[in-house]
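Structure record follows, encoded as structure tokens.
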Amino acid sequence: MVALDKMVLEWISCLDKRPADRTGEDLDLIYARLKDLKAFEKFHPLLLQQICYYSYYEDLEQGVILFRQGDVGTNWYAVLSGSLDMNVSETGDVKDAVTLCTLGIGAAFGESILNDTPRHSTVVTREYCELLRVEQKDFKVLWERNKQMIENVLNPYYTNPTGFVDTFNCSTDNPFALLMRTGKVNEEEISNPATPITSIPSEKMIKAGRILRSMINARSPQMIADRKLGLRIYRCCMVGSDMVDWLMKNSTIVCSRMQAVCMWQVLLEEGVLMHVCHEHSFSDSALYFRFSDEDQSGLVPQSGQLEKKYSDEDLANVLLMLLQFGPDAMMRMILRKTPADRTTEDLEIIYEELLHIKALSHLSTMVKRELARVMVFEAHCKAGKILFNQGDEGKSWYIIMKGSVNVVIFGKGIVCSLHEGDDFGKLALVNDAPRAATIVLREDNCHFLRVDKDDFNRILRDVEANTVRLKEHGQDVLVLEKIPASIRSPDGSVQVHYKYSVMAGTPDKILEYLLETRIGKSCDSADTFCEDFLLTHNIFMPNNHLCPTLMAHYHADVASGRMDSDTQEHAVTNKRQVIQFVWGWCQTIGEAFWEDKTILAFLEELENAVVEDSRIYSNLEDISILQSVLQRRHSEVRTSRHGKSHSPLRRASRSLSCSIDEDDVNQRQPIRDSDQNLFKIFCADHTYITLKLRMDTAVSSIISNAATKLSLVDSSLVLCEVRSNGERIVFNENDLCITSGMSINGRLFISPREHLDALTPLPEQEGPSSGTSHLLESLSSREIAYHMTCYDWQLLSCVHEYELTYLVFGRSNFGKITANLDLFLRRFNEIQFWVVTEMCLTTSISKRIQLLRKFIKIATYCRDYQNLNSFFAIILGLSNIAVSRLSQTWEKLPNKFRKMFIDFELMIDPSRNHRAYRLVVAKIHPPIVPFMPLLMKDMTFTHEGNKTHFDGLVNFEKMHMIAQTLRMINYCRSKPLDFEPPPLMKTAQDIRSYIRNLNVIDNQRILTRLSHRLEPRR
């Protein structure tokens, strides 16, 4: 058996102890391990903490019978890894057993132990499995304390006599039998925009409605009144526009009328608010709305009592909650409109949402825009509802927005589960075949996007009709998408013309099409084809391919052999196109243009050709453009010779990210491939050597140099990073730029592969033993945030857009380094651990509360300075388990700061692909220090969800999406960082030195241990 990692062994040894013997450190170690496992992603944190106390670890080989049909249950189980078969036999004979379903990661089973009923199935391991086991007496305790939370994470089909949801121990049913007996549920489809999307409003929404009604009665009692429309009187109702006015007047966080509309729509969707005729969604108009309990009773509560019960603080909390849910409510409100009623703005909002849906990532832009026109919203309230049955006619394609479904096939049972972002039902539409499986809702309140069959087929037909394919020798070489566009003529009439967007093609044809249609032509400002090509060409057309192709295009007249007037004009056009392309290339990618030897050789060749052609072609006026490029090239060469652009020696340690000598935000120089780097490499006995090598030195070369210096001849030597927690990361021999991507306190070690287990962290890697709270107290929060922002801006300014591409697609594939991007990403982790380290090293609770307030204020100033990277890092640092568990500290934090922190947590909420953050960024203007990990996530999502090539052609739709992320970086840096520095309480140099040399503990186990010393578990 392969030896387990030391940390895993410690985790398992903690689970082997009896619950009463487990220490606080043991429980935190177990919790830290379980919360990151997919199996427990839907478990409530409080439930998971209790499972940490009661559970045991078990690992079983393939073919082990966990329990047999008819056995009396003694344990409840959850699957950590592997899978198990659930077999059922009507006769009890193993030979007659049928596999009802397969239990995968995250499955929980064995609830029959609650009422001591026999097992109704045999469970056998299909492969090596890891399980958590909870004994019967302990599970009953868990059940009594957490009934609702446990129900939410188990399969919600069936209910046994105890009321406990139990898929596997139901006394008479199996999943397929229940489906066959139940049939399709004739639940009314939610198409009326005024219909609530939940069967019962949640408690928090009911309370929100009561508080709002209370405050309206207290502050504007005239708003709720009987109103007459036509011949009918509507009791206790309000006018929609008045309700929007009231929110705008009574809250500072509601910034627009649209926000207010969305907040009221949240209550209408839940059934707390309603249109008096049940016909309309919420509207900023003269329509009448009322609270639903008033609709039932017709009575207006007395305001005096309600005003005493609810306060301004309650109102602020309610409005903050509604503001959080507002954007999703707006999306659903738009999707519930008929396609004909959707405005251009509505379609753009839907399209932006579709960009982040996994199931649609491979579709072209045009298809997504067409889908935005026809997609409708569908919601179902109850788990167990059958969406369609196996064998039914396929009528719709579904995408899951919220919730999950089970896929059930006759004779096999549940074959898999689908979750948010997955799609189903498309195959039956494409093949015009019956449904291949039955789809059943796994949980309550599932939301879907639906595309009906007629719309689906029309979009497919339209896409093919609007696709233009250029062929050479019978093969596609360029695929274009025809996009209609409207132009208003001077006489006021609207004329339709077509634009063409590249979907795919060979690299040479894409370049040829770019030169002929975009260079030297007046293009729409929204047309990004040229910029997209220049930002992404290194993925599919590297410089050693692009430069010769450009020269061939430039010399096309020579290849033709003819030189009449038409040919001469065509030749001059080709030459102009290349010259202007080179100018745009230089302007777009900046320094990377001058640092590439292939490009410099190409420029020299092009210069000679242009000088010669200027004597032949008198109308080659564009030579001045090339001269501007060449003058800049010569100035770069002169600067390099005088050493002005040479970067200082870089050290492969923490100081790599520090440049404390700069006096202003523009002096930091980017790290280049040719820069020298000091590699400090340790041996197992903690002795070390130093090597002075280039930044782009491969690992194989580092090992070779180190072996020579250490006089080692072992062929099994490997280079690895040893992190402060003891984890060892072995580098591949072709890896580049390894030092900049190491963890904060990581160190390089060299060792024979068979002796890796002997490598241990250095004592210095544990980090500081005392904090700097005394220094932080002397600095103003604004001062710290200012210098953090200046330094982050320097790091961001050094990052080239290409570095994101190199990191996502693999540095070794390009032979390029990503040191500047690595340092910026590491800075995020450094700030995050700095917050946790300072909190855990502050022993006095009063000083800890002051420090907590300080960090929240620093985060506020970072947000004001639009330094979103540090803002996220600080808030995530305060959310770290070692800090968030300090309940005594948080309890004494003033309410003002607690509310600020809650507000910040809403902003960094990762749900719906960080929708809250994206909405904030859309409203602010440069300069911005963006949340870089999210941009990297977007790039990775685009890369992994879309093929770079298909059918021998470059997927240029993928290039468009990648370029969109890279443009975001450029947009954030499009204006210089320029704001007033705060009044200094200390010398600027001392503050800069502190901010840029943060000393942190990056070992989560050490931080958790320190946290328990501060506030032991109660």
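In the structure tokens, chains take letters A, B, ... by order of appearance, with residues numbered from 1 within each chain and ligands from 1 in the order shown.
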Exercise. Can you list, as a count of residues only, every protein, DNA or RNA residue that comes within 12 Å of Lys692 (chain A) when you count only C-alpha atoms, leaving out same-chain residues fewer than 3 positions away?
Worked result: 21
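Near region 56-66 of chain A, within 8 Å and counting only C-alpha atoms, sit Ile12, Leu15, Asp16, Thr122, Val123, Val124, Thr125, Arg126, Glu127, Tyr128, Cys129, Glu130, Leu131, Leu132, Arg133 and Val134 of chain A, not including residues fewer than 4 positions from it in the same chain.
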For this session: Do a neighbour search on Thr588 (chain A) at 9 Å with only C-alpha atoms, toss out local chain neighbours closer than 4 positions, and write the hits as a PyMOL selection string.
Result: chain A and resi 531+534-535+583-584+593
Would you write out those residues with N, CA, C and O atoms, as a CSV table (one decimal), in the first residue's frame?
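Written file, selection.csv:
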chain,number,residue,atom,x,y,z
A,531,GLU,N,-7.5,43.2,-32.4
A,531,GLU,CA,-6.9,43.2,-31.1
A,531,GLU,C,-6.9,41.8,-30.5
A,531,GLU,O,-5.9,41.3,-29.9
A,534,LEU,N,-4.0,39.9,-32.0
A,534,LEU,CA,-2.7,40.2,-31.5
A,534,LEU,C,-2.5,39.8,-30.1
A,534,LEU,O,-1.4,39.5,-29.7
A,535,LEU,N,-3.6,39.7,-29.3
A,535,LEU,CA,-3.5,39.3,-27.9
A,535,LEU,C,-3.4,37.8,-27.8
A,535,LEU,O,-2.9,37.3,-26.7
A,583,TRP,N,2.6,48.2,-36.9
A,583,TRP,CA,2.4,49.3,-36.0
A,583,TRP,C,1.4,49.0,-35.0
A,583,TRP,O,1.6,49.2,-33.8
A,584,GLY,N,0.2,48.4,-35.4
A,584,GLY,CA,-0.8,48.0,-34.4
A,584,GLY,C,-0.3,46.9,-33.4
A,584,GLY,O,-0.6,46.9,-32.2
A,593,PHE,N,6.9,43.1,-27.5
A,593,PHE,CA,7.3,43.2,-29.0
A,593,PHE,C,8.8,43.4,-29.1
A,593,PHE,O,9.4,42.9,-30.0
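Taking CA of Gly726 (chain A) and CA of Leu748 (chain A) as the two end points, the separation is 12.4 Å.
Of the residues under consideration (A:Thr195, A:Ser417, A:Trp793, A:Asn115), A:Ser417 shows the shortest atom-to-atom contact distance to Thr102 (chain A) when counting only C-alpha atoms.
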Exercise. DSSP on the backbone: what in region 360-588 of chain A comes out strand (DSSP E), as a VMD selection string?
Worked result: chain A and resid 376 to 380 386 to 388 396 to 402 405 to 409 413 to 418 423 to 424 438 to 441 446 to 452 467 to 472 475 to 488 494 to 505
For this session: Using backbone DSSP assignments, extract all alpha helix (DSSP H) residues from region 274-390 of chain A; output them as a PyMOL selection string.
Result: chain A and resi 292-297+303-309+312-335+344-354+365-374
For this session: Quote the spacing between CA of Gln49 (chain A) and CA of Met907 (chain A) in Å to one decimal place.
Result: 26.0 Å
Exercise. For Ile414 (chain A), which of A:Ile991, A:Leu441, A:Met961, A:Ala601 is the closest residue, counting only C-alpha atoms?
Worked result: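 Among the listed residues, the smallest separation from Ile414 (chain A) belongs to A:Leu441.
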